[in-house]
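K.L.:
Would you mind keeping the following structure in view while I ask a few things?
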Amino acid sequence: MIMLARFSELDAKGQAAFLEALNAYLYASPQQRRRLRDAWRLHGGDAPCAGEPPCNVPPGAD
């Protein structure tokens with residue numbers, strides 16, 4: 001529930017970036033999911049990374 005509350009506080013651009021990253025994760029292979037999680041952890045979880053491919057595009061998907 002905390003995640004939904006924080007999502008609702010994002011502006012439209014932030015919500016779109018989050019949904020794009022979530023969608024990329026959901027359609028990624030297990031190996032790509034691991035790489036995405038590693039990239040998100042590198043950003044510390046709080047740092048914005050919406051526009052950076054390591055955070056929202058599985059490697060090899062571009």
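To be explicit about the labels: the chains of the structure tokens are called A, B, and onward in the order shown, and within each one the residues are counted from 1, while ligands get numbers from 1 in the order they are shown.
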Within 12 Å of A:Phe7, counting only C-alpha atoms, which residues show up once you throw out same-chain ones fewer than 5 positions away? Write them as a ChimeraX atom specification, please.

P.N.:
/A:1-2,12-19

K.L.:
Keeping only N, CA and C atoms, write the selected residues as a compact mmCIF listing (two decimals), in the first residue's frame.

P.N.:
```txt
# COMPACT_ATOMS: atom_id res chain seq x y z
N MET A 1 0.82 -1.20 0.00
CA MET A 1 0.00 0.00 0.00
C MET A 1 0.86 1.26 0.00
N ILE A 2 2.02 1.20 0.64
CA ILE A 2 2.89 2.36 0.65
C ILE A 2 3.32 2.71 -0.76
N ALA A 12 2.54 13.27 -13.58
CA ALA A 12 2.19 12.42 -14.72
C ALA A 12 3.42 11.82 -15.38
N LYS A 13 4.48 12.58 -15.48
CA LYS A 13 5.71 12.08 -16.10
C LYS A 13 6.32 10.97 -15.25
N GLY A 14 6.34 11.16 -13.95
CA GLY A 14 6.88 10.16 -13.04
C GLY A 14 6.05 8.88 -13.05
N GLN A 15 4.72 9.02 -13.10
CA GLN A 15 3.87 7.84 -13.16
C GLN A 15 4.09 7.08 -14.47
N ALA A 16 4.23 7.80 -15.57
CA ALA A 16 4.47 7.15 -16.86
C ALA A 16 5.81 6.42 -16.85
N ALA A 17 6.83 7.03 -16.27
CA ALA A 17 8.15 6.40 -16.20
C ALA A 17 8.10 5.13 -15.35
N PHE A 18 7.39 5.19 -14.23
CA PHE A 18 7.26 4.02 -13.37
C PHE A 18 6.54 2.89 -14.11
N LEU A 19 5.44 3.21 -14.77
CA LEU A 19 4.69 2.19 -15.48
C LEU A 19 5.48 1.60 -16.63
```
